[in-house]
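Heads up: the structure comes next, in C-alpha cells.
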Amino acid sequence: MALSPEPTVPFQSVQYVLRVLETISRHSSGVTDAQIARETGLPTGHLTPMLTMLRHEGYAEQLADGAYVIGDSLVLLGSGTTRRQALEDKIQDTLAELRDSVGAAVYISRYIDGEIRVTQYADSPRTPRVYEYVDFRTAAHASAIGKCLLTQLDRNGRRDHLSRHKITRFTSRTITSEQLLFSKLDSQPPTVPVLDLQEYAVGTVCAAVPLTAGSSVGCLALSMPVEHAHRLRSAADTLNRKAAPMVLSLTL
C-alpha cells in the first residue's frame, strides 16, 4: 500500500501519537485500527493521519492483513547503546527529506544552558545553509531561529538572554527595541511559523516553528535566498507539518 508523501498531524497531537504507539506495542502480533481507536478513545478521523505518519516515519508497519505492529525505527531507538546514534540518523534522514521537499536548507536548533545551538542541519550545493557571519547565539532578536526559541521562554528568560547578548542592528530591518521585540514575541501565534525577512542577513529569508519536547526548547527552521521569498510561506507551512514527527523523534 502506497504511503502518503506528506502525512500531516497537528503539532498538539504528539501526546496522542505516543498513546497510539503504546497501544501498538502492547500487541506484538498486530492490532487493527478499530482496536487502536477503542483502546485510545481517538476517533477515526484523528487516528488515520497519525497512523499514516507513523508508517511514513518507520515507527509503525502495516501487515498484509491490515494490522499494525511496531516499526524498525522504533526498534532501533530502543536498542540501548545505539539509541543516540539511531536518533541522530533518524533526524538527519528526516531533515534531508524535508530539505528536498521545501527546496531549502533546514536546521534543528535547541536552547541549551542559556544558549542557542544548531544541533543538526541538512543543506546541499543547491540549497546552501545561511552564512553565519554573526554567531547565532548573539542574534536571537534578528533570526527566525532565535525569535522562535525566545517565544518559548518567559520574560525573565528572555531578559536574561538579552542581558548577555545585547540587541544589535544587523540590517535596516533588524528590531533594536526590546519593548517592540517582546511585543512581537508575545503576539506570535504558537501554530504560525516565525519569519525572518532579511533581519539577520541581507539576501536571506528564514522561517522557524517550535519543537517543544518535555521541558526542552527547540525549533525546526529553514533558510533560502531572498529571490525565493515567494516560496517562503508554502515552505514554512510544510515545515510546520513536519514539526509533530520531529518532536516525536525527540520525545521517544
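Labels for the C-alpha cells follow display order: chains A, B, ..., residues from 1 in each chain, ligands from 1.
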
Excluding Ala140 of chain A and its own-chain neighbours fewer than 3 positions away, which residues fall within 9 Å of it when counting only C-alpha atoms? Please give them as a compact mmCIF listing (two decimals) with N, CA and C atoms, in the first residue's frame.
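Resulting contents of around_21.txt:
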```txt
# COMPACT_ATOMS: atom_id res chain seq x y z
N ILE A 116 21.78 29.45 22.29
CA ILE A 116 21.20 28.90 21.07
C ILE A 116 22.23 28.00 20.40
N PHE A 136 24.94 32.81 15.75
CA PHE A 136 23.51 32.75 16.05
C PHE A 136 23.22 33.01 17.52
N ARG A 137 24.16 32.69 18.38
CA ARG A 137 23.94 32.88 19.82
C ARG A 137 23.75 34.35 20.16
N SER A 143 17.13 36.61 14.11
CA SER A 143 16.96 35.40 13.30
C SER A 143 15.64 34.70 13.62
N ALA A 144 15.12 33.96 12.64
CA ALA A 144 13.90 33.18 12.86
C ALA A 144 14.14 32.13 13.94
N ILE A 145 15.31 31.50 13.91
CA ILE A 145 15.65 30.51 14.93
C ILE A 145 15.61 31.15 16.32
N GLY A 146 16.30 32.27 16.46
CA GLY A 146 16.37 32.91 17.77
C GLY A 146 15.03 33.37 18.27
N LYS A 147 14.25 34.02 17.41
CA LYS A 147 12.95 34.53 17.83
C LYS A 147 12.01 33.38 18.20
N CYS A 148 12.09 32.28 17.45
CA CYS A 148 11.24 31.13 17.75
C CYS A 148 11.59 30.54 19.12
N LEU A 149 12.88 30.48 19.44
CA LEU A 149 13.29 29.98 20.74
C LEU A 149 12.89 30.95 21.85
N LEU A 150 13.05 32.24 21.61
CA LEU A 150 12.69 33.24 22.62
C LEU A 150 11.19 33.23 22.92
N HIS A 161 18.64 36.30 28.57
CA HIS A 161 19.40 36.08 27.33
C HIS A 161 19.90 37.40 26.76
N LEU A 162 19.02 38.40 26.69
CA LEU A 162 19.40 39.68 26.09
C LEU A 162 20.38 40.46 26.96
N HIS A 165 23.48 38.92 25.58
CA HIS A 165 23.68 39.13 24.15
C HIS A 165 22.87 40.35 23.75
N ILE A 167 21.07 43.52 22.05
CA ILE A 167 20.41 43.74 20.77
C ILE A 167 21.29 44.62 19.89
```

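Excluding segment 45-61 of chain A itself and same-chain residues fewer than 4 positions from it, the residues having an atom within 6 Å of it are Pro7, Tyr68, Val69, Ile70, Gly71, Ser73 and Leu74 of chain A, counting only C-alpha atoms.
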
Could you write those residues out with N, CA, C and O atoms, as an mmCIF file, in the first residue's frame?
```cif
data_model
loop_
_atom_site.group_PDB
_atom_site.id
_atom_site.type_symbol
_atom_site.label_atom_id
_atom_site.label_comp_id
_atom_site.auth_asym_id
_atom_site.auth_seq_id
_atom_site.Cartn_x
_atom_site.Cartn_y
_atom_site.Cartn_z
ATOM 1 N N PRO A 7 2.249 13.088 5.169
ATOM 2 C CA PRO A 7 1.240 12.936 6.201
ATOM 3 C C PRO A 7 1.246 14.133 7.131
ATOM 4 O O PRO A 7 2.299 14.672 7.435
ATOM 5 N N TYR A 68 -1.477 -3.424 12.612
ATOM 6 C CA TYR A 68 -0.283 -2.598 12.816
ATOM 7 C C TYR A 68 0.634 -3.217 13.857
ATOM 8 O O TYR A 68 0.171 -3.747 14.876
ATOM 9 N N VAL A 69 1.952 -3.130 13.592
ATOM 10 C CA VAL A 69 2.973 -3.567 14.543
ATOM 11 C C VAL A 69 4.029 -2.459 14.636
ATOM 12 O O VAL A 69 4.067 -1.546 13.815
ATOM 13 N N ILE A 70 4.886 -2.550 15.656
ATOM 14 C CA ILE A 70 5.960 -1.578 15.831
ATOM 15 C C ILE A 70 6.939 -1.659 14.663
ATOM 16 O O ILE A 70 7.311 -2.751 14.222
ATOM 17 N N GLY A 71 7.388 -0.492 14.163
ATOM 18 C CA GLY A 71 8.281 -0.449 13.021
ATOM 19 C C GLY A 71 9.748 -0.477 13.394
ATOM 20 O O GLY A 71 10.119 -0.362 14.568
ATOM 21 N N SER A 73 12.159 1.689 12.945
ATOM 22 C CA SER A 73 12.733 2.902 13.529
ATOM 23 C C SER A 73 12.581 2.906 15.042
ATOM 24 O O SER A 73 13.496 3.291 15.777
ATOM 25 N N LEU A 74 11.420 2.483 15.527
ATOM 26 C CA LEU A 74 11.185 2.470 16.969
ATOM 27 C C LEU A 74 12.019 1.390 17.635
ATOM 28 O O LEU A 74 12.519 1.578 18.747
#
```

Each residue of segment 7-114 of chain A with at least one atom at most 9 Å from segment 188-212 of chain A should appear once, together with its nearest atom pair and the corresponding distance in Å (one decimal); atoms considered: only C-alpha atoms; ordering: chain, then increasing residue number; output as a tab-separated table.
```
residue	atom	partner	partner_atom	distance
A:Phe11	CA	A:Thr191	CA	8.0
A:Tyr107	CA	A:Ala208	CA	8.9
A:Ile108	CA	A:Leu211	CA	8.7
A:Ser109	CA	A:Leu211	CA	8.9
A:Arg110	CA	A:Leu211	CA	8.6
```

Run DSSP on the backbone and tell me which residues of segment 8-211 of chain A come out as helix (DSSP H, G or I); list them as JSON, numbers by chain. {"A": [11, 12, 13, 14, 15, 16, 17, 18, 19, 20, 21, 22, 23, 24, 25, 33, 34, 35, 36, 37, 38, 39, 40, 44, 45, 46, 47, 48, 49, 50, 51, 52, 53, 54, 55, 56, 72, 73, 74, 75, 76, 77, 80, 81, 82, 83, 84, 85, 86, 87, 88, 89, 90, 91, 92, 93, 94, 95, 96, 97, 98, 99, 100, 101, 102, 136, 137, 138, 144, 145, 146, 147, 148, 149, 150, 151, 155, 156, 157, 158, 159, 160, 161, 162, 163, 164, 178, 179, 180, 181, 182, 183, 184, 185, 186]}

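Distances to Ser183 of chain A were evaluated for A:Ser124, A:Arg169, A:Arg155, A:Ser28 using only C-alpha atoms, and the minimum falls at A:Arg155.
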
Which neighbours of Thr94 of chain A fall inside 12 Å, counting only C-alpha atoms, when residues of the same chain fewer than 2 positions from it are skipped, and could you give them as a PyMOL selection string? chain A and resi 6+56-58+73+87-92+96-101+106-108+120-122+220+239+242-249

With C-alpha atoms retained, write the just-selected residues as a JSON list (two decimals), in the first residue's frame.
```json
[["chain", "number", "residue", "atom", "x", "y", "z"],
["A", 6, "GLU", "CA", 3.28, 14.28, 3.29],
["A", 56, "HIS", "CA", 5.88, 7.15, 6.93],
["A", 57, "GLU", "CA", 8.42, 7.73, 9.73],
["A", 58, "GLY", "CA", 9.04, 4.00, 10.22],
["A", 73, "SER", "CA", 12.73, 2.90, 13.53],
["A", 87, "LEU", "CA", 18.12, 9.05, 16.86],
["A", 88, "GLU", "CA", 20.62, 11.37, 15.16],
["A", 89, "ASP", "CA", 20.49, 9.27, 11.99],
["A", 90, "LYS", "CA", 16.70, 9.26, 12.02],
["A", 91, "ILE", "CA", 16.53, 13.02, 12.46],
["A", 92, "GLN", "CA", 19.19, 13.57, 9.77],
["A", 96, "ALA", "CA", 17.34, 15.60, 4.29],
["A", 97, "GLU", "CA", 13.87, 14.60, 3.14],
["A", 98, "LEU", "CA", 12.48, 17.93, 4.33],
["A", 99, "ARG", "CA", 15.31, 19.85, 2.62],
["A", 100, "ASP", "CA", 14.43, 18.23, -0.69],
["A", 101, "SER", "CA", 10.71, 18.78, -0.12],
["A", 106, "VAL", "CA", 16.82, 23.12, 7.14],
["A", 107, "TYR", "CA", 18.01, 23.17, 10.74],
["A", 108, "ILE", "CA", 17.22, 21.92, 14.23],
["A", 120, "GLN", "CA", 21.74, 19.35, 13.18],
["A", 121, "TYR", "CA", 21.14, 20.67, 9.69],
["A", 122, "ALA", "CA", 20.76, 19.49, 6.11],
["A", 220, "LEU", "CA", 12.80, 23.46, 13.23],
["A", 239, "LEU", "CA", 7.93, 22.91, 7.91],
["A", 242, "LYS", "CA", 6.82, 18.23, 9.89],
["A", 243, "ALA", "CA", 7.02, 19.56, 13.45],
["A", 244, "ALA", "CA", 4.99, 16.76, 15.04],
["A", 245, "PRO", "CA", 7.06, 13.87, 13.59],
["A", 246, "MET", "CA", 10.25, 15.69, 14.59],
["A", 247, "VAL", "CA", 9.02, 16.27, 18.15],
["A", 248, "LEU", "CA", 8.06, 12.61, 18.27],
["A", 249, "SER", "CA", 11.63, 11.62, 17.34]]
```

Would you compute the distance between atom CA of Arg19 of chain A and atom CA of Thr40 of chain A? Give it in Å to one decimal. 6.7 Å

Calculate how many Å separate atom CA of Thr119 of chain A from atom CA of Gly157 of chain A, rounding to one decimal. 20.8 Å

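One finds atom CA of Leu18 of chain A at 28.8 Å from atom CA of Ala105 of chain A.
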
Closest of A:Leu63, A:Ala104, A:Leu185, A:Leu180 to Leu222 of chain A - atom-to-atom distances counting only C-alpha atoms: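 Smallest separation from Leu222 of chain A among the options: A:Ala104.
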
As JSON, numbers by chain, please: all residues of segment 64-224 of chain A that backbone DSSP puts in strand (DSSP E or B). {"A": [68, 69, 70, 105, 106, 107, 108, 109, 110, 111, 112, 115, 116, 117, 118, 119, 120, 121, 122, 194, 195, 196, 197, 204, 205, 206, 207, 208, 209, 210, 211, 217, 218, 219, 220, 221, 222, 223, 224]}
